[in-house]
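Okay, so here's the structure we're looking at.
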Amino acid sequence: MKTCVVIPTYNEAKSIAGLVKEIQGLNLEVIIVDDGSQDDTSQIAQENGATVLKNQINQGKGASLIKGFSYVLSKDCDAVITMDGDGQHLPSDIPYFLRLAEYSDNGILIGNRMLKRKNMPFIRVLTNKIMSGLISKITRQNVPDTQCGFRLIKRPVLEKINLKTSKYETESEILIKASRLGFKIESVPIKTVYSGEKSQINPFVDTLRFIKFLFRELWTLQS
């Protein structure tokens with residue numbers, strides 16, 4: 001199964017070189033989508049051998065993922081792995097995704113941090129439990145960590161889903177729309193590193209946007 005790795009980034013110059021090198025050590029193509037970074041993220045990623053796609057202005061994580069998916073679909077990749085560029089997701093977990101994908105009929109394999117949540121901030125644990133409960137209800141599948149961005153998505157899913165959002169809620173939209181198309185979602189235990197990094201999520205704006213998105217999806221579910 002030929003697999004590409006898509007990493008949406010914003011001002012990740014400090015961590016991107018090591019991340020790219022480690023993934024390339026697994027013989028995987030790395031696609032960095034730079035979402036209007038104000039530092040040297042793009043230059044460093046390119047110098048270390050990554051394919052770089054760039055948004056001239058910051059458009060949001062979802063828009064960056066969609067750009068990365070479009071690139072993957074233009075290639076002969078059978079699947080895409082998405083992961084964050086800040087060092088929270090460990091490339092050492094990638095081979096586990098790949099082994100499972102070879103034998104699994106499920107369309108999406110998604111990381112599950114909730115079994116190993118040491119050092120995860122309490123507010124993230126609480127928010128994740130609430131959101132995962134709601135999205136599991138909408139998808140009618142048990143997905144214990146719907147907010148995890150470390151995933152393997154197979155090509156048929158990318159070919160069929162039509163994504164409309166452009167911010168952080170896009171990751172939830174992927175799960176919801178894939179499930180409505182009949183794709184199964186499988187959880188994969190992963191390790192996650194938390195070292196006091198500041199989240200790029202705006203607690204007020206992004207939460208309101210996410211709530212609006214979920215209510216729209218719940219309304220659609222009931223209609």
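To be explicit about the labels: the chains of the structure tokens are called A, B, and onward in the order shown, and within each one the residues are counted from 1, while ligands get numbers from 1 in the order they are shown.
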
Polymer residues at most 10 Å from A:Asn162, only C-alpha atoms, same-chain spacing of 4 or more positions, as a PyMOL selection string:
chain A and resi 66+157-158+173-174+177-178

Any chance you could export the current selection's C-alpha atoms as an mmCIF file, in the first residue's frame?
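Contents of part-v7.cif, as written:
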```cif
data_model
loop_
_atom_site.group_PDB
_atom_site.id
_atom_site.type_symbol
_atom_site.label_atom_id
_atom_site.label_comp_id
_atom_site.auth_asym_id
_atom_site.auth_seq_id
_atom_site.Cartn_x
_atom_site.Cartn_y
_atom_site.Cartn_z
ATOM 1 C CA ILE A 66 -7.963 19.634 1.698
ATOM 2 C CA VAL A 157 -12.634 7.822 1.301
ATOM 3 C CA LEU A 158 -10.765 10.811 -0.134
ATOM 4 C CA GLU A 173 -16.409 16.524 9.137
ATOM 5 C CA ILE A 174 -14.194 13.825 7.608
ATOM 6 C CA LYS A 177 -19.151 12.222 6.031
ATOM 7 C CA ALA A 178 -17.082 9.053 5.711
#
```

Name all residues at most 12 Å from A:Pro95 (count only C-alpha atoms; drop same-chain ones fewer than 2 positions away) and give them as a list in words.
Met1, Thr3, Ile23, Gly25, Leu26, Asn27, Leu28, Ile81, Leu90, Pro91, Ser92, Asp93, Phe97, Leu98, Arg99, Leu100, Ala101, Glu102, Leu152, Val188 and Ile190 of chain A

Can you write just those residues out, C-alpha atoms, as a PDB file, in the first residue's frame?
```
ATOM      1  CA  MET A   1       0.000   0.000   0.000  1.00  0.00           C
ATOM      2  CA  THR A   3       1.120   5.865   1.481  1.00  0.00           C
ATOM      3  CA  ILE A  23       9.306  10.103   8.385  1.00  0.00           C
ATOM      4  CA  GLY A  25      13.489   7.237   7.208  1.00  0.00           C
ATOM      5  CA  LEU A  26      10.336   5.125   6.821  1.00  0.00           C
ATOM      6  CA  ASN A  27      10.540   5.574   3.007  1.00  0.00           C
ATOM      7  CA  LEU A  28       7.401   7.696   2.855  1.00  0.00           C
ATOM      8  CA  ILE A  81      -1.451   9.648   6.841  1.00  0.00           C
ATOM      9  CA  LEU A  90       5.398  10.354  16.877  1.00  0.00           C
ATOM     10  CA  PRO A  91       6.561   8.941  13.517  1.00  0.00           C
ATOM     11  CA  SER A  92       7.435   5.739  15.378  1.00  0.00           C
ATOM     12  CA  ASP A  93       3.689   4.991  15.470  1.00  0.00           C
ATOM     13  CA  PHE A  97      -0.939   2.273  11.138  1.00  0.00           C
ATOM     14  CA  LEU A  98       0.556   0.806   7.974  1.00  0.00           C
ATOM     15  CA  ARG A  99       0.476  -2.785   9.217  1.00  0.00           C
ATOM     16  CA  LEU A 100      -3.138  -2.503  10.327  1.00  0.00           C
ATOM     17  CA  ALA A 101      -4.196  -0.836   7.081  1.00  0.00           C
ATOM     18  CA  GLU A 102      -2.870  -3.738   5.024  1.00  0.00           C
ATOM     19  CA  LEU A 152      -4.646   6.986   8.035  1.00  0.00           C
ATOM     20  CA  VAL A 188      -5.405   2.838  16.906  1.00  0.00           C
ATOM     21  CA  ILE A 190      -0.902   5.914  19.985  1.00  0.00           C
TER      22      ILE A 190
END
```

Point-to-point distance from atom CA of A:Arg151 to atom CA of A:Arg124, Å rounded to tenths
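Straight-line distance from atom CA of A:Arg151 to atom CA of A:Arg124 works out to 18.5 Å.
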
Fewer than 4 positions away in the same chain doesn't count, so skip those; otherwise give me all residues within 12 Å of A:Thr82, counting only C-alpha atoms, as a count of residues only.
38

My list of candidates is A:Arg209, A:Arg140, A:Lys191, A:Arg155. Which is closest to A:Thr170 when distances are computed with only C-alpha atoms?
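Nearest candidate to A:Thr170 out of A:Arg209, A:Arg140, A:Lys191, A:Arg155: A:Arg209.
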
Extract, using only C-alpha atoms, all DNA, RNA and protein residues at most 12 Å from A:Thr127, discarding same-chain residues fewer than 2 positions from it, and format them as a CSV table (one decimal) with C-alpha atoms, in the first residue's frame.
```csv
chain,number,residue,atom,x,y,z
A,114,MET,CA,-7.1,8.4,25.6
A,120,MET,CA,-2.5,15.6,28.6
A,121,PRO,CA,-4.1,18.8,30.0
A,122,PHE,CA,-7.3,18.2,31.9
A,123,ILE,CA,-9.3,20.6,29.8
A,124,ARG,CA,-8.3,18.6,26.6
A,125,VAL,CA,-9.3,15.4,28.2
A,129,LYS,CA,-14.6,13.2,25.9
A,130,ILE,CA,-17.6,15.5,25.2
A,131,MET,CA,-16.8,16.0,21.5
A,132,SER,CA,-16.1,12.3,21.0
A,133,GLY,CA,-19.3,11.3,22.6
A,134,LEU,CA,-21.3,13.7,20.3
A,144,PRO,CA,-13.1,7.4,21.6
A,145,ASP,CA,-10.7,10.2,20.3
A,146,THR,CA,-12.4,12.0,17.4
A,147,GLN,CA,-10.2,15.1,17.9
A,203,PRO,CA,-10.9,28.9,22.7
A,207,THR,CA,-15.4,26.5,20.0
A,210,PHE,CA,-17.4,23.8,16.3
A,211,ILE,CA,-20.7,24.0,18.2
```

Please, which residues of stretch 21-66 of chain A, numbered as in this document, come out helix (DSSP H, G or I) from DSSP, as a list in words?
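Residues of stretch 21-66 of chain A classed as helix (DSSP H, G or I): Lys21, Glu22, Ile23, Gln24, Thr41, Ser42, Gln43, Ile44, Ala45, Gln46, Glu47, Lys61, Gly62, Ala63, Ser64, Leu65 and Ile66 of chain A.
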
Given the selection you just returned, output its residues as a file containing C-alpha atoms, formatted as an mmCIF file, in the first residue's frame.
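As a result, selection34.cif now contains:
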```
data_model
loop_
_atom_site.group_PDB
_atom_site.id
_atom_site.type_symbol
_atom_site.label_atom_id
_atom_site.label_comp_id
_atom_site.auth_asym_id
_atom_site.auth_seq_id
_atom_site.Cartn_x
_atom_site.Cartn_y
_atom_site.Cartn_z
ATOM 1 C CA LYS A 21 13.781 13.334 8.377
ATOM 2 C CA GLU A 22 12.255 10.745 10.693
ATOM 3 C CA ILE A 23 9.306 10.103 8.385
ATOM 4 C CA GLN A 24 11.546 9.906 5.332
ATOM 5 C CA THR A 41 8.811 26.438 7.985
ATOM 6 C CA SER A 42 8.542 26.097 4.195
ATOM 7 C CA GLN A 43 12.229 26.666 3.496
ATOM 8 C CA ILE A 44 13.408 24.240 6.166
ATOM 9 C CA ALA A 45 10.940 21.543 5.084
ATOM 10 C CA GLN A 46 11.987 21.882 1.454
ATOM 11 C CA GLU A 47 15.684 21.827 2.306
ATOM 12 C CA LYS A 61 -6.105 23.570 9.223
ATOM 13 C CA GLY A 62 -9.027 22.176 7.241
ATOM 14 C CA ALA A 63 -8.132 24.146 4.126
ATOM 15 C CA SER A 64 -4.558 22.876 4.424
ATOM 16 C CA LEU A 65 -5.718 19.274 4.746
ATOM 17 C CA ILE A 66 -7.963 19.634 1.698
#
```

Considering only strand (DSSP E or B) as DSSP defines it on the backbone, what residues of stretch 55-119 of chain A qualify? List them as an MDAnalysis selection string.
chainID A and resid 55 79:82 89 108:112

How far is it from atom CA of A:Ile138 to atom CA of A:Ile176, in Å with one decimal?
6.9 Å

Which residues, written as a tab-separated table (two decimals) with N, CA and C atoms, in the first residue's frame, have at least one atom at most 8 Å from A:Ile185, with only C-alpha atoms counted and residues fewer than 2 positions away on the same chain left out?
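Listing of selection-v5.tsv after writing:
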```tsv
chain	number	residue	atom	x	y	z
A	106	ASN	N	-11.41	-1.27	6.99
A	106	ASN	CA	-11.95	0.01	7.42
A	106	ASN	C	-11.33	1.17	6.62
A	107	GLY	N	-12.15	2.20	6.38
A	107	GLY	CA	-11.71	3.31	5.54
A	107	GLY	C	-10.80	4.28	6.23
A	108	ILE	N	-10.96	4.43	7.57
A	108	ILE	CA	-10.15	5.37	8.34
A	108	ILE	C	-9.61	4.68	9.58
A	109	LEU	N	-8.33	4.84	9.83
A	109	LEU	CA	-7.71	4.43	11.09
A	109	LEU	C	-7.32	5.70	11.81
A	110	ILE	N	-7.82	5.89	13.02
A	110	ILE	CA	-7.60	7.13	13.75
A	110	ILE	C	-6.92	6.86	15.08
A	141	GLN	N	-20.85	5.22	15.35
A	141	GLN	CA	-19.69	4.36	15.56
A	141	GLN	C	-18.98	4.85	16.83
A	143	VAL	N	-16.02	6.10	18.48
A	143	VAL	CA	-14.72	6.69	18.17
A	143	VAL	C	-14.28	7.44	19.43
A	175	LEU	N	-14.83	12.45	9.52
A	175	LEU	CA	-15.38	11.26	10.17
A	175	LEU	C	-16.87	11.12	9.89
A	179	SER	N	-18.51	8.20	7.48
A	179	SER	CA	-19.43	7.21	8.08
A	179	SER	C	-20.76	7.19	7.33
A	183	PHE	N	-18.29	4.02	5.32
A	183	PHE	CA	-16.94	3.63	5.71
A	183	PHE	C	-16.85	3.43	7.22
A	187	SER	N	-10.05	2.62	15.62
A	187	SER	CA	-9.15	3.37	16.50
A	187	SER	C	-7.84	2.62	16.71
```
